[in-house]
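K.L.:
A single structure is presented below for examination.
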There are 2 protein chains.
Amino acid sequence: MSAPVRTTRLITQRRRPRGMPVPEDFAGTELPLVAPAEGQAVVENLWLSVDPYMREAMDAEWELGAPLEGRSIGRVVESRSVGLPVGALVFHREGWRTHAVVSEAEVRVLPRYEGVATESFLGLLGGTGLTAYVALTRIARLRAGEAVYVSAAAGGVGTAAGRLARLLGAGRIVGSAGSPAKVRLLTEELGYDAAFDHRAGLSLSGQLARAAPDGIDVYIDNVGGDHLEAAIGAMREDGRIAWCGAIAQYNAGCAPAAPRNLFDLVEKSIRLEGFLVSRHRDAQAELEEFLVPHLRSGRITDRLSVTEGFERTVDAFLGMLRGENTGKAVVRLGPADPEPVSDDTP
Amino acid sequence: MSAPVRTTRLITQRRRPRGMPVPEDFAGTELPLVAPAEGQAVVENLWLSVDPYMREAMDAEWELGAPLEGRSIGRVVESRSVGLPVGALVFHREGWRTHAVVSEAEVRVLPRYEGVATESFLGLLGGTGLTAYVALTRIARLRAGEAVYVSAAAGGVGTAAGRLARLLGAGRIVGSAGSPAKVRLLTEELGYDAAFDHRAGLSLSGQLARAAPDGIDVYIDNVGGDHLEAAIGAMREDGRIAWCGAIAQYNAGCAPAAPRNLFDLVEKSIRLEGFLVSRHRDAQAELEEFLVPHLRSGRITDRLSVTEGFERTVDAFLGMLRGENTGKAVVRLGPADPEPVSDDTP
């Protein structure tokens, strides 16, 4: 039996970032771990998530110096809960740390789906995949054959949205991304029918019109601003826009310019709907039911952008904000991270 | 039997308005009326509608010098159609003219609902009432007890929206209008719980916050621009905005400023949906079924802003654009308009 874990490494926020965060905004520290109470367990983290919404939380929501909230997957290494047996894989929200003490009610013991990697619960089966799924099904209510445009298409939500749209029966699927390499990836590996580089210095509207010459029915918006304006312009009657977020804005300190053609929403009977995935957790079971068979069959594979090692968590987060990831950005806690020392004595 | 009508007075558009139209943009004329063919009838108009959407059509859609499209109610005075007997009241779209030759397929023979005035088919039972009804039921999907805000609340759609919202079980209903007299009317006669003057020089957001201190769930937008921004600011989570139009924009030559807080649509899970009532004509039967009993019982009365006389049609239109009407603006074709001369010889 392992010796009880009595400390955890964790990352805290030292100060509020000004615009794009820098490593000095964060601090790594080691803290004592309280012994689990009845109904609790100690979890050793295997995977951490870094997400755009975290940048926003850093402005005001998160307390300086306190542990940061975040989606994580860990293994139970010590337990005082019958529902959290040692060895169980659990999803929790204790964030950027190597170990955590969790209560049964706060975590989800992850099912083991044959042929599905655990880390998919931070990817296609996690908040990112759920965001894309809710955007397409509940918000945009995609119908078979409809044309879909996805901005930030190489990002976490974007890579999920393109492939889910295909599985859901979409017609033409087009995406935009911020580099030629990403654009190639979208069409060559991620199932997009057409893609363009929004940093190429060309008109967004013109590029979108060429990529989707018959217009679009659904827009999955991860950007806002001029992308939203171009999408409204390209939209057919009865189009729907699912607005998931606006990553660029989180560091800008101000809202992206609102689209000048907003009144086209009336002229073309368009619906623009914002949402937070946190309010659609009840769609998780439906997502798994829909997606697990496709993951198992290999018709879709999760594409994670993996950074190795807990000590590189902040790097992974900053890289994601700079758009360096393709696919959902996660951190794998590797051999460099503290492991409980094996010990035969209790 | 009346002598056959062989001419009609009508109003045509002489030139494209620059901004707010002036009387010189229009011309009154008298034209021969073709004899009705088999399946057609001659209608003598009793009521004409003047609507904001017409201003938009004048910029490009309508042909100069041609008869103008518009909702009208007339009486059949000569018929070669069994479906259009002499004396029948019909709704048609032949617009600003005293007489028209219509085909059965193009018109609706109006039902006679006891206790309901014919002209209500240009008011609460017409396109204006249908716009408000569709906005509340299909677009915003108002639920019982929810707080509703209506801009341009003393206008055609606005007066309908406030009262329909009440009949549909809304909670607090607040409206904005452009003069102290209209504001009084909203609370004293039109069933609004609170109202404010958006031209009072005070902050729109502040006035809305005072009128609806607990926020709003539904916004019926007839204005766009800063009203939309204030409404987004006041909106509660899961709010819905039904965007019917933006009367101010039609004369401005450019779109109203887009709301700077548009991203709140994501943060608060708000739906902003534009629509054209022309795409919801199938809701007409439902509207009548819902509303006629209330009209009959007097629980709601149609409030039309009536201009007397065909020759004042352009005045009525321009006055409506300037916001001089309270309630739906219509024209009644009175005794000054040409009547077919009674004649006993065929």
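Just so we're on the same page: first chain in the structure tokens is A, next is B, and so on; residues restart at 1 for each chain, and ligands are numbered from 1 in the order they show up.
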For chain B against chain A, which residues fall within 9 Å using only C-alpha atoms, given as a ChimeraX atom specification?

P.N.:
/B:224,238,240,243-246,255-276,279

K.L.:
Take the residues from that selection and write them out as an mmCIF file, in the first residue's frame, keeping N, CA and C atoms.

P.N.:
data_model
loop_
_atom_site.group_PDB
_atom_site.id
_atom_site.type_symbol
_atom_site.label_atom_id
_atom_site.label_comp_id
_atom_site.auth_asym_id
_atom_site.auth_seq_id
_atom_site.Cartn_x
_atom_site.Cartn_y
_atom_site.Cartn_z
ATOM 1 N N GLY B 224 -33.719 48.875 -32.129
ATOM 2 C CA GLY B 224 -32.302 48.561 -32.293
ATOM 3 C C GLY B 224 -31.426 49.580 -31.580
ATOM 4 N N ASP B 238 -30.972 33.734 -19.648
ATOM 5 C CA ASP B 238 -31.942 33.056 -20.506
ATOM 6 C C ASP B 238 -32.957 34.016 -21.132
ATOM 7 N N ARG B 240 -34.704 36.571 -23.883
ATOM 8 C CA ARG B 240 -34.921 36.460 -25.330
ATOM 9 C C ARG B 240 -35.312 37.816 -25.892
ATOM 10 N N TRP B 243 -36.539 40.682 -32.355
ATOM 11 C CA TRP B 243 -36.197 41.920 -33.055
ATOM 12 C C TRP B 243 -37.110 42.063 -34.269
ATOM 13 N N CYS B 244 -38.055 42.992 -34.172
ATOM 14 C CA CYS B 244 -39.084 43.155 -35.209
ATOM 15 C C CYS B 244 -38.668 44.154 -36.271
ATOM 16 N N GLY B 245 -37.873 45.137 -35.899
ATOM 17 C CA GLY B 245 -37.540 46.174 -36.860
ATOM 18 C C GLY B 245 -36.785 47.281 -36.183
ATOM 19 N N ALA B 246 -36.487 48.310 -36.931
ATOM 20 C CA ALA B 246 -35.715 49.432 -36.419
ATOM 21 C C ALA B 246 -36.120 50.658 -37.203
ATOM 22 N N ALA B 255 -26.993 51.735 -40.592
ATOM 23 C CA ALA B 255 -27.482 50.895 -39.502
ATOM 24 C C ALA B 255 -27.295 51.611 -38.174
ATOM 25 N N PRO B 256 -28.167 51.341 -37.193
ATOM 26 C CA PRO B 256 -27.951 51.908 -35.873
ATOM 27 C C PRO B 256 -26.675 51.331 -35.276
ATOM 28 N N ALA B 257 -26.063 52.080 -34.386
ATOM 29 C CA ALA B 257 -24.851 51.588 -33.738
ATOM 30 C C ALA B 257 -25.144 50.235 -33.096
ATOM 31 N N ALA B 258 -24.259 49.299 -33.318
ATOM 32 C CA ALA B 258 -24.464 47.987 -32.710
ATOM 33 C C ALA B 258 -24.168 48.088 -31.219
ATOM 34 N N PRO B 259 -24.849 47.273 -30.426
ATOM 35 C CA PRO B 259 -24.652 47.356 -28.978
ATOM 36 C C PRO B 259 -23.228 46.961 -28.587
ATOM 37 N N ARG B 260 -22.636 47.764 -27.711
ATOM 38 C CA ARG B 260 -21.253 47.487 -27.296
ATOM 39 C C ARG B 260 -21.175 46.297 -26.355
ATOM 40 N N ASN B 261 -22.308 45.948 -25.765
ATOM 41 C CA ASN B 261 -22.318 44.844 -24.795
ATOM 42 C C ASN B 261 -22.836 43.548 -25.415
ATOM 43 N N LEU B 262 -22.643 43.404 -26.715
ATOM 44 C CA LEU B 262 -23.220 42.247 -27.408
ATOM 45 C C LEU B 262 -22.734 40.928 -26.813
ATOM 46 N N PHE B 263 -21.498 40.922 -26.301
ATOM 47 C CA PHE B 263 -20.956 39.669 -25.771
ATOM 48 C C PHE B 263 -21.714 39.185 -24.536
ATOM 49 N N ASP B 264 -22.492 40.082 -23.927
ATOM 50 C CA ASP B 264 -23.344 39.642 -22.813
ATOM 51 C C ASP B 264 -24.321 38.560 -23.254
ATOM 52 N N LEU B 265 -24.556 38.450 -24.551
ATOM 53 C CA LEU B 265 -25.398 37.358 -25.046
ATOM 54 C C LEU B 265 -24.815 36.008 -24.640
ATOM 55 N N VAL B 266 -23.495 35.909 -24.623
ATOM 56 C CA VAL B 266 -22.861 34.664 -24.188
ATOM 57 C C VAL B 266 -22.935 34.554 -22.664
ATOM 58 N N GLU B 267 -22.514 35.613 -21.997
ATOM 59 C CA GLU B 267 -22.408 35.566 -20.530
ATOM 60 C C GLU B 267 -23.751 35.282 -19.875
ATOM 61 N N LYS B 268 -24.826 35.781 -20.502
ATOM 62 C CA LYS B 268 -26.141 35.630 -19.871
ATOM 63 C C LYS B 268 -27.056 34.666 -20.632
ATOM 64 N N SER B 269 -26.488 33.931 -21.571
ATOM 65 C CA SER B 269 -27.284 32.962 -22.340
ATOM 66 C C SER B 269 -28.530 33.607 -22.938
ATOM 67 N N ILE B 270 -28.312 34.660 -23.690
ATOM 68 C CA ILE B 270 -29.424 35.414 -24.277
ATOM 69 C C ILE B 270 -29.571 35.045 -25.753
ATOM 70 N N ARG B 271 -30.801 35.001 -26.195
ATOM 71 C CA ARG B 271 -31.103 34.745 -27.600
ATOM 72 C C ARG B 271 -31.609 36.030 -28.244
ATOM 73 N N LEU B 272 -30.968 36.433 -29.343
ATOM 74 C CA LEU B 272 -31.390 37.611 -30.109
ATOM 75 C C LEU B 272 -31.839 37.106 -31.472
ATOM 76 N N GLU B 273 -33.134 37.256 -31.763
ATOM 77 C CA GLU B 273 -33.650 36.648 -32.986
ATOM 78 C C GLU B 273 -34.450 37.661 -33.793
ATOM 79 N N GLY B 274 -34.003 37.861 -35.016
ATOM 80 C CA GLY B 274 -34.737 38.732 -35.918
ATOM 81 C C GLY B 274 -35.764 37.931 -36.697
ATOM 82 N N PHE B 275 -36.802 38.624 -37.151
ATOM 83 C CA PHE B 275 -37.788 37.894 -37.954
ATOM 84 C C PHE B 275 -38.575 38.884 -38.801
ATOM 85 N N LEU B 276 -39.157 38.365 -39.849
ATOM 86 C CA LEU B 276 -40.073 39.132 -40.696
ATOM 87 C C LEU B 276 -41.429 38.459 -40.583
ATOM 88 N N ARG B 279 -43.004 35.866 -42.941
ATOM 89 C CA ARG B 279 -42.676 34.457 -42.940
ATOM 90 C C ARG B 279 -43.459 33.695 -41.874
#

K.L.:
Identify, on the basis of only C-alpha atoms, every residue whose closest approach to Leu10 of chain A does not exceed 7 Å; exclude the query and any residue fewer than 5 positions from it along the same chain; express the result as a list in words.

P.N.:
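Listed by chain and then number, they are Gly28, Thr29, Glu30, Pro67, Trp96, Arg97 and Thr98 of chain A.
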
K.L.:
Dump C-alpha atoms for the selected residues as an mmCIF file, in the first residue's frame?

P.N.:
data_model
loop_
_atom_site.group_PDB
_atom_site.id
_atom_site.type_symbol
_atom_site.label_atom_id
_atom_site.label_comp_id
_atom_site.auth_asym_id
_atom_site.auth_seq_id
_atom_site.Cartn_x
_atom_site.Cartn_y
_atom_site.Cartn_z
ATOM 1 C CA GLY A 28 4.024 27.233 -8.096
ATOM 2 C CA THR A 29 3.881 26.131 -4.509
ATOM 3 C CA GLU A 30 3.631 23.035 -2.342
ATOM 4 C CA PRO A 67 -6.059 27.079 -5.681
ATOM 5 C CA TRP A 96 -4.076 22.983 -11.408
ATOM 6 C CA ARG A 97 -2.533 20.747 -8.748
ATOM 7 C CA THR A 98 -0.951 17.345 -8.523
#

K.L.:
Please compute the atom CA of Arg75 of chain A-atom CA of Gly156 of chain A distance, one decimal, in Å.

P.N.:
24.1 Å

K.L.:
Contacts of Val148 of chain B at 10 Å or less, counting only C-alpha atoms, minus same-chain residues fewer than 2 places along, as a list of chain:residue names?

P.N.:
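My reading of the contact set: B:Leu136, B:Ala140, B:Leu142, B:Gly145, B:Glu146, B:Val150, B:Ala161, B:Gly162, B:Ala165, B:Arg166, B:Ala170, B:Gly171, B:Arg172, B:Ile173, B:Val174, B:Gly175, B:Tyr192, B:Ala212, B:Gly215, B:Ile216, B:Asp217, B:Val218, B:Tyr219, B:Ile220, B:Met235, B:Gly239, B:Arg240, B:Ile241.
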
K.L.:
Counting only C-alpha atoms, which of B:Ala153, B:Ala181, B:Ala135, B:Ile11 gets nearest to Pro23 of chain B?

P.N.:
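The answer is B:Ile11, which sits nearest to Pro23 of chain B.
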
K.L.:
Would you mind reading off the distance between atom CA of Glu78 of chain B and atom CA of Arg332 of chain B, one decimal, in Å?

P.N.:
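Computed distance, atom CA of Glu78 of chain B to atom CA of Arg332 of chain B, equals 20.8 Å.
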
K.L.:
Which residues are close to Val77 of chain B, i.e. within 9 Å by only C-alpha atoms, leaving aside same-chain residues fewer than 4 positions away? Reply as a list in words.

P.N.:
Ser2, Pro4, Val5, Ala41, Val42, Val43, Glu44, Pro85, Val86, Gly87, Ala88 and Pro340 of chain B

K.L.:
What residues in segment 96-243 of chain A get the DSSP label strand (DSSP E or B)? Please answer as a VMD selection string.

P.N.:
chain A and resid 97 99 to 103 108 to 109 148 to 150 173 to 177 194 to 197 216 to 221 235 to 243
